[in-house]
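*Asks:* Provided herewith: final_3.pdb, PDB, C-alpha atoms, pLDDT in the B column.
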```pdb
ATOM      1  CA  MET R   1      13.302 -27.276 171.751  1.00 54.00           C
ATOM      2  CA  LYS R   2      17.008 -27.594 170.941  1.00 63.00           C
ATOM      3  CA  THR R   3      19.537 -27.629 173.674  1.00 62.00           C
ATOM      4  CA  ARG R   4      23.000 -26.163 173.142  1.00 64.00           C
ATOM      5  CA  ASP R   5      25.951 -28.433 173.472  1.00 61.00           C
ATOM      6  CA  ARG R   6      28.550 -26.470 175.373  1.00 65.00           C
ATOM      7  CA  ASN R   7      31.157 -29.211 175.033  1.00 69.00           C
ATOM      8  CA  ARG R   8      31.641 -28.641 171.273  1.00 72.00           C
ATOM      9  CA  SER R   9      34.952 -27.009 170.460  1.00 79.00           C
ATOM     10  CA  ALA R  10      35.746 -24.750 167.497  1.00 85.00           C
ATOM     11  CA  PHE R  11      38.334 -22.269 166.313  1.00 85.00           C
ATOM     12  CA  SER R  12      37.744 -18.623 166.958  1.00 92.00           C
ATOM     13  CA  LEU R  13      38.069 -16.028 164.223  1.00 93.00           C
ATOM     14  CA  VAL R  14      41.277 -14.699 165.792  1.00 94.00           C
ATOM     15  CA  GLU R  15      42.899 -18.147 165.693  1.00 93.00           C
ATOM     16  CA  VAL R  16      41.952 -18.637 162.040  1.00 95.00           C
ATOM     17  CA  VAL R  17      43.335 -15.212 161.068  1.00 96.00           C
ATOM     18  CA  LEU R  18      46.620 -15.896 162.904  1.00 96.00           C
ATOM     19  CA  ALA R  19      46.971 -19.310 161.247  1.00 96.00           C
ATOM     20  CA  LEU R  20      46.341 -17.796 157.793  1.00 96.00           C
ATOM     21  CA  GLY R  21      48.887 -15.038 158.508  1.00 96.00           C
ATOM     22  CA  ILE R  22      51.580 -17.518 159.497  1.00 96.00           C
ATOM     23  CA  ALA R  23      50.832 -19.740 156.485  1.00 96.00           C
ATOM     24  CA  SER R  24      50.910 -16.809 154.044  1.00 96.00           C
ATOM     25  CA  PHE R  25      54.174 -15.483 155.545  1.00 95.00           C
ATOM     26  CA  SER R  26      55.728 -18.939 155.098  1.00 95.00           C
ATOM     27  CA  MET R  27      54.514 -19.218 151.504  1.00 95.00           C
ATOM     28  CA  VAL R  28      55.884 -15.773 150.608  1.00 94.00           C
ATOM     29  CA  SER R  29      59.262 -16.760 152.092  1.00 92.00           C
ATOM     30  CA  ILE R  30      59.343 -19.991 150.108  1.00 92.00           C
ATOM     31  CA  LEU R  31      58.340 -18.250 146.881  1.00 94.00           C
ATOM     32  CA  GLY R  32      61.061 -15.661 147.522  1.00 92.00           C
ATOM     33  CA  LEU R  33      63.689 -18.415 147.595  1.00 92.00           C
ATOM     34  CA  LEU R  34      62.688 -19.907 144.227  1.00 92.00           C
ATOM     35  CA  PRO R  35      64.616 -17.381 142.055  1.00 93.00           C
ATOM     36  CA  VAL R  36      67.752 -17.930 144.137  1.00 92.00           C
ATOM     37  CA  GLY R  37      67.437 -21.691 143.737  1.00 92.00           C
ATOM     38  CA  LEU R  38      66.878 -21.427 139.997  1.00 92.00           C
ATOM     39  CA  SER R  39      69.878 -19.124 139.628  1.00 90.00           C
ATOM     40  CA  ASN R  40      72.103 -21.509 141.582  1.00 91.00           C
ATOM     41  CA  SER R  41      70.852 -24.436 139.511  1.00 92.00           C
ATOM     42  CA  ARG R  42      71.605 -22.614 136.249  1.00 89.00           C
ATOM     43  CA  SER R  43      75.046 -21.626 137.497  1.00 89.00           C
ATOM     44  CA  SER R  44      75.956 -25.143 138.604  1.00 91.00           C
ATOM     45  CA  THR R  45      74.751 -26.589 135.296  1.00 90.00           C
ATOM     46  CA  ALA R  46      76.930 -24.139 133.367  1.00 88.00           C
ATOM     47  CA  GLN R  47      79.919 -24.839 135.601  1.00 90.00           C
ATOM     48  CA  THR R  48      79.477 -28.594 135.203  1.00 92.00           C
ATOM     49  CA  GLY R  49      79.351 -28.180 131.421  1.00 90.00           C
ATOM     50  CA  ALA R  50      82.515 -26.070 131.514  1.00 91.00           C
ATOM     51  CA  MET R  51      84.331 -28.660 133.623  1.00 92.00           C
ATOM     52  CA  ASN R  52      83.266 -31.425 131.221  1.00 92.00           C
ATOM     53  CA  LEU R  53      84.617 -29.311 128.373  1.00 92.00           C
ATOM     54  CA  ILE R  54      87.917 -28.717 130.165  1.00 91.00           C
ATOM     55  CA  THR R  55      88.201 -32.450 130.809  1.00 92.00           C
ATOM     56  CA  ALA R  56      87.684 -33.155 127.089  1.00 92.00           C
ATOM     57  CA  ILE R  57      90.257 -30.522 126.077  1.00 90.00           C
ATOM     58  CA  ALA R  58      92.808 -31.845 128.610  1.00 88.00           C
ATOM     59  CA  ALA R  59      92.248 -35.408 127.410  1.00 90.00           C
ATOM     60  CA  ASP R  60      92.698 -34.227 123.819  1.00 88.00           C
ATOM     61  CA  ILE R  61      95.991 -32.519 124.683  1.00 84.00           C
ATOM     62  CA  ARG R  62      97.219 -35.567 126.631  1.00 85.00           C
ATOM     63  CA  SER R  63      96.302 -37.974 123.822  1.00 86.00           C
ATOM     64  CA  THR R  64      98.384 -36.090 121.274  1.00 82.00           C
ATOM     65  CA  PRO R  65     101.334 -38.199 120.071  1.00 82.00           C
ATOM     66  CA  SER R  66     104.774 -36.638 120.512  1.00 76.00           C
ATOM     67  CA  THR R  67     105.288 -36.617 116.739  1.00 80.00           C
ATOM     68  CA  ALA R  68     102.062 -34.686 116.026  1.00 80.00           C
ATOM     69  CA  SER R  69     101.955 -30.913 115.776  1.00 80.00           C
ATOM     70  CA  ALA R  70      98.276 -30.631 116.768  1.00 82.00           C
ATOM     71  CA  SER R  71      95.859 -32.531 118.968  1.00 83.00           C
ATOM     72  CA  PRO R  72      93.591 -35.055 117.208  1.00 87.00           C
ATOM     73  CA  ARG R  73      90.132 -33.856 118.289  1.00 87.00           C
ATOM     74  CA  TYR R  74      90.305 -30.050 118.539  1.00 85.00           C
ATOM     75  CA  ALA R  75      93.500 -29.390 116.499  1.00 83.00           C
ATOM     76  CA  ILE R  76      95.213 -27.573 119.368  1.00 82.00           C
ATOM     77  CA  PRO R  77      98.797 -26.746 118.320  1.00 78.00           C
ATOM     78  CA  THR R  78     101.324 -28.397 120.655  1.00 71.00           C
ATOM     79  CA  GLY R  79     104.596 -26.965 119.443  1.00 66.00           C
ATOM     80  CA  ASP R  80     104.132 -23.216 119.894  1.00 65.00           C
ATOM     81  CA  THR R  81     103.249 -20.908 122.775  1.00 66.00           C
ATOM     82  CA  THR R  82     100.448 -19.011 121.076  1.00 74.00           C
ATOM     83  CA  SER R  83      96.941 -18.933 122.447  1.00 83.00           C
ATOM     84  CA  GLN R  84      93.942 -20.228 120.561  1.00 86.00           C
ATOM     85  CA  THR R  85      90.236 -19.560 121.158  1.00 88.00           C
ATOM     86  CA  PHE R  86      87.543 -22.169 120.574  1.00 88.00           C
ATOM     87  CA  TYR R  87      83.764 -21.868 120.772  1.00 90.00           C
ATOM     88  CA  PHE R  88      81.458 -24.680 121.855  1.00 89.00           C
ATOM     89  CA  ASP R  89      77.706 -25.180 121.867  1.00 86.00           C
ATOM     90  CA  GLU R  90      75.708 -26.476 124.817  1.00 84.00           C
ATOM     91  CA  GLN R  91      76.374 -30.129 123.917  1.00 83.00           C
ATOM     92  CA  GLY R  92      80.151 -29.552 123.782  1.00 81.00           C
ATOM     93  CA  HIS R  93      80.511 -29.639 119.994  1.00 83.00           C
ATOM     94  CA  ILE R  94      83.105 -27.283 118.584  1.00 84.00           C
ATOM     95  CA  ALA R  95      81.909 -24.407 116.401  1.00 81.00           C
ATOM     96  CA  THR R  96      83.833 -22.834 113.543  1.00 76.00           C
ATOM     97  CA  GLY R  97      83.569 -19.389 115.143  1.00 78.00           C
ATOM     98  CA  LEU R  98      81.425 -17.287 117.406  1.00 81.00           C
ATOM     99  CA  GLN R  99      77.829 -18.162 116.551  1.00 79.00           C
ATOM    100  CA  THR R 100      74.479 -17.582 118.205  1.00 76.00           C
ATOM    101  CA  SER R 101      74.470 -21.229 119.341  1.00 79.00           C
ATOM    102  CA  SER R 102      77.867 -20.869 121.046  1.00 86.00           C
ATOM    103  CA  ARG R 103      77.614 -21.194 124.809  1.00 86.00           C
ATOM    104  CA  TYR R 104      81.229 -21.589 125.956  1.00 91.00           C
ATOM    105  CA  LYS R 105      84.472 -19.904 124.963  1.00 90.00           C
ATOM    106  CA  ALA R 106      87.692 -21.849 125.586  1.00 90.00           C
ATOM    107  CA  LEU R 107      91.068 -20.135 125.569  1.00 89.00           C
ATOM    108  CA  VAL R 108      93.975 -22.592 125.320  1.00 89.00           C
ATOM    109  CA  GLN R 109      97.469 -21.212 125.934  1.00 87.00           C
ATOM    110  CA  ALA R 110     100.668 -23.254 125.720  1.00 80.00           C
ATOM    111  CA  ILE R 111     102.622 -21.364 128.350  1.00 81.00           C
ATOM    112  CA  TRP R 112     105.730 -23.496 128.707  1.00 75.00           C
ATOM    113  CA  GLN R 113     107.717 -26.023 126.707  1.00 71.00           C
ATOM    114  CA  SER R 114     110.975 -27.579 127.839  1.00 71.00           C
ATOM    115  CA  SER R 115     113.798 -29.017 125.826  1.00 68.00           C
ATOM    116  CA  THR R 116     112.659 -32.520 126.838  1.00 69.00           C
ATOM    117  CA  ASN R 117     109.339 -31.933 125.046  1.00 69.00           C
ATOM    118  CA  ALA R 118     107.326 -31.385 128.233  1.00 74.00           C
ATOM    119  CA  THR R 119     104.600 -28.766 127.921  1.00 78.00           C
ATOM    120  CA  MET R 120     102.161 -26.915 130.118  1.00 83.00           C
ATOM    121  CA  HIS R 121      98.850 -25.542 128.867  1.00 84.00           C
ATOM    122  CA  ARG R 122      96.452 -23.170 130.548  1.00 89.00           C
ATOM    123  CA  VAL R 123      92.820 -23.835 129.626  1.00 89.00           C
ATOM    124  CA  THR R 124      90.187 -21.229 130.516  1.00 90.00           C
ATOM    125  CA  VAL R 125      86.518 -21.868 129.735  1.00 91.00           C
ATOM    126  CA  SER R 126      84.072 -18.985 130.204  1.00 89.00           C
ATOM    127  CA  TRP R 127      80.369 -18.539 129.563  1.00 88.00           C
ATOM    128  CA  PRO R 128      78.425 -17.118 127.813  1.00 86.00           C
ATOM    129  CA  ALA R 129      80.679 -17.166 124.768  1.00 85.00           C
ATOM    130  CA  GLN R 130      79.632 -13.700 123.587  1.00 81.00           C
ATOM    131  CA  ALA R 131      80.426 -11.975 126.907  1.00 80.00           C
ATOM    132  CA  GLU R 132      83.429  -9.798 127.595  1.00 79.00           C
ATOM    133  CA  ALA R 133      85.606 -10.454 130.636  1.00 72.00           C
ATOM    134  CA  SER R 134      83.712  -7.937 132.781  1.00 76.00           C
ATOM    135  CA  THR R 135      80.236  -9.317 132.004  1.00 78.00           C
ATOM    136  CA  MET R 136      80.772 -13.075 131.781  1.00 80.00           C
ATOM    137  CA  GLY R 137      78.608 -15.402 133.820  1.00 82.00           C
ATOM    138  CA  GLY R 138      81.535 -17.449 135.085  1.00 86.00           C
ATOM    139  CA  SER R 139      84.763 -19.143 134.159  1.00 86.00           C
ATOM    140  CA  VAL R 140      86.877 -22.172 135.029  1.00 87.00           C
ATOM    141  CA  ASP R 141      90.664 -22.227 134.745  1.00 88.00           C
ATOM    142  CA  VAL R 142      92.882 -25.354 134.695  1.00 87.00           C
ATOM    143  CA  MET R 143      96.571 -26.028 134.089  1.00 87.00           C
ATOM    144  CA  VAL R 144      97.378 -29.146 132.035  1.00 82.00           C
ATOM    145  CA  SER R 145     100.939 -30.462 132.136  1.00 81.00           C
ATOM    146  CA  LEU R 146     102.143 -33.049 129.686  1.00 76.00           C
ATOM    147  CA  ALA R 147     105.360 -35.031 129.473  1.00 72.00           C
ATOM    148  CA  ARG R 148     105.569 -36.070 125.827  1.00 63.00           C
ATOM    149  CA  ASN R 149     108.397 -38.566 125.453  1.00 59.00           C
TER     150      ASN R 149
END
```
Kindly return the structure encoded in the file as structure tokens.
*Replies:*
Amino acid sequence: MKTRDRNRSAFSLVEVVLALGIASFSMVSILGLLPVGLSNSRSSTAQTGAMNLITAIAADIRSTPSTASASPRYAIPTGDTTSQTFYFDEQGHIATGLQTSSRYKALVQAIWQSSTNATMHRVTVSWPAQAEASTMGGSVDVMVSLARN
């Protein structure tokens, strides 16, 4: 005849159900945060790309010799106060116009030029390139001043 061992311990059905409820609630909460994390990751990647692009445009404007009428890399005019729009793909290569591969739109405005040949440019990069101002995903705006002696 078998004797029962009363010293054995086990989980009751209520304890198992409570543990599964807490675990499932935690998993649902974590899964609910995934879209927010992915959205923030996408946004920060786009903003980093835009800042890299602004850095390249500012470096191009600053590297322009005082005798040149346009910058060497992107052909940004330095002598007038007109604005010029450029389109860039995801790798930062300039496109000839708005294309399906264009990711960023850069608006470069020469807003001030002094008699001593100092200039100030406003560079605005927005994404996606096809979006209007009311529907764009984001934008970055920088002022670039240049003393060209």
*Asks:* Could you work out how far CA of Gln91 in chain R lies from CA of Thr124 in chain R, giving the answer in Å with one decimal?
*Replies:*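 A separation of 17.7 Å between them.
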*Asks:* Counting all atoms listed in the file, which residues in range 88-123 of chain R sit no more than 8 Å from range 44-52 of chain R? For each one, give the nearest pair of atoms and the distance in Å, sorted by chain then residue number, as JSON lines.
*Replies:*
```
{"residue": "R:Glu90", "atom": "CA", "partner": "R:Gly49", "partner_atom": "CA", "distance": 7.7}
{"residue": "R:Gly92", "atom": "CA", "partner": "R:Gly49", "partner_atom": "CA", "distance": 7.8}
{"residue": "R:Tyr104", "atom": "CA", "partner": "R:Ala50", "partner_atom": "CA", "distance": 7.3}
```
*Asks:* Rank nothing, just name the residue among R:Leu38, R:Ile76, R:Val28, R:Val16 nearest to Ile61 in chain R, using all atoms listed in the file.
*Replies:* R:Ile76
*Asks:* One number please: CA of Gln130 in chain R to CA of Leu98 in chain R, in Å, one decimal.
*Replies:*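 Pair CA of Gln130 in chain R / CA of Leu98 in chain R returns 7.4 Å.
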*Asks:* Using the chain letters and residue numbers of this document, give as a list in words the residues selected by the PyMOL selection byres ((chain R and resi 86) around 6).
*Replies:*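 Those residues are Thr85, Tyr87, Lys105 and Ala106 of chain R.
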*Asks:* Measure the distance from CA of Trp112 in chain R to CA of Ala131 in chain R in Å and round it to one decimal.
*Replies:*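 So the answer is 27.9 Å.
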*Asks:* At a cut-off of 12 Å around the point (87.8, -34.3, 125.6) (file coordinates), what residues fall inside when counting only C-alpha atoms? I'd like the answer as an MDAnalysis selection string.
*Replies:* chainID R and resid 49:64 71:76 92:94
*Asks:* Using only C-alpha atoms, which residues sit within 6 Å of Asp89 in chain R once same-chain residues fewer than 4 positions away are excluded, as a CSV table (one decimal) with C-alpha atoms, in the coordinates of the input?
*Replies:*
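Below is the file part_16.csv, written as the result:
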```csv
chain,number,residue,atom,x,y,z
R,93,HIS,CA,80.5,-29.6,120.0
R,101,SER,CA,74.5,-21.2,119.3
R,102,SER,CA,77.9,-20.9,121.0
R,103,ARG,CA,77.6,-21.2,124.8
```
*Asks:* Box for range 20-36 of chain R - axis-aligned, 6 Å on each of the six sides, all listed atoms - centre and size in Å to one decimal, as AutoDock Vina command-line options.
*Replies:*
```
--center_x 57.0 --center_y -17.5 --center_z 150.8 --size_x 33.4 --size_y 17.0 --size_z 29.4
```
*Asks:* So which residues get picked by the PyMOL selection byres ((chain R and resi 142-144) around 8) here, written as a PyMOL selection string?
*Replies:* chain R and resi 54+58+120-124+140-141+145-146
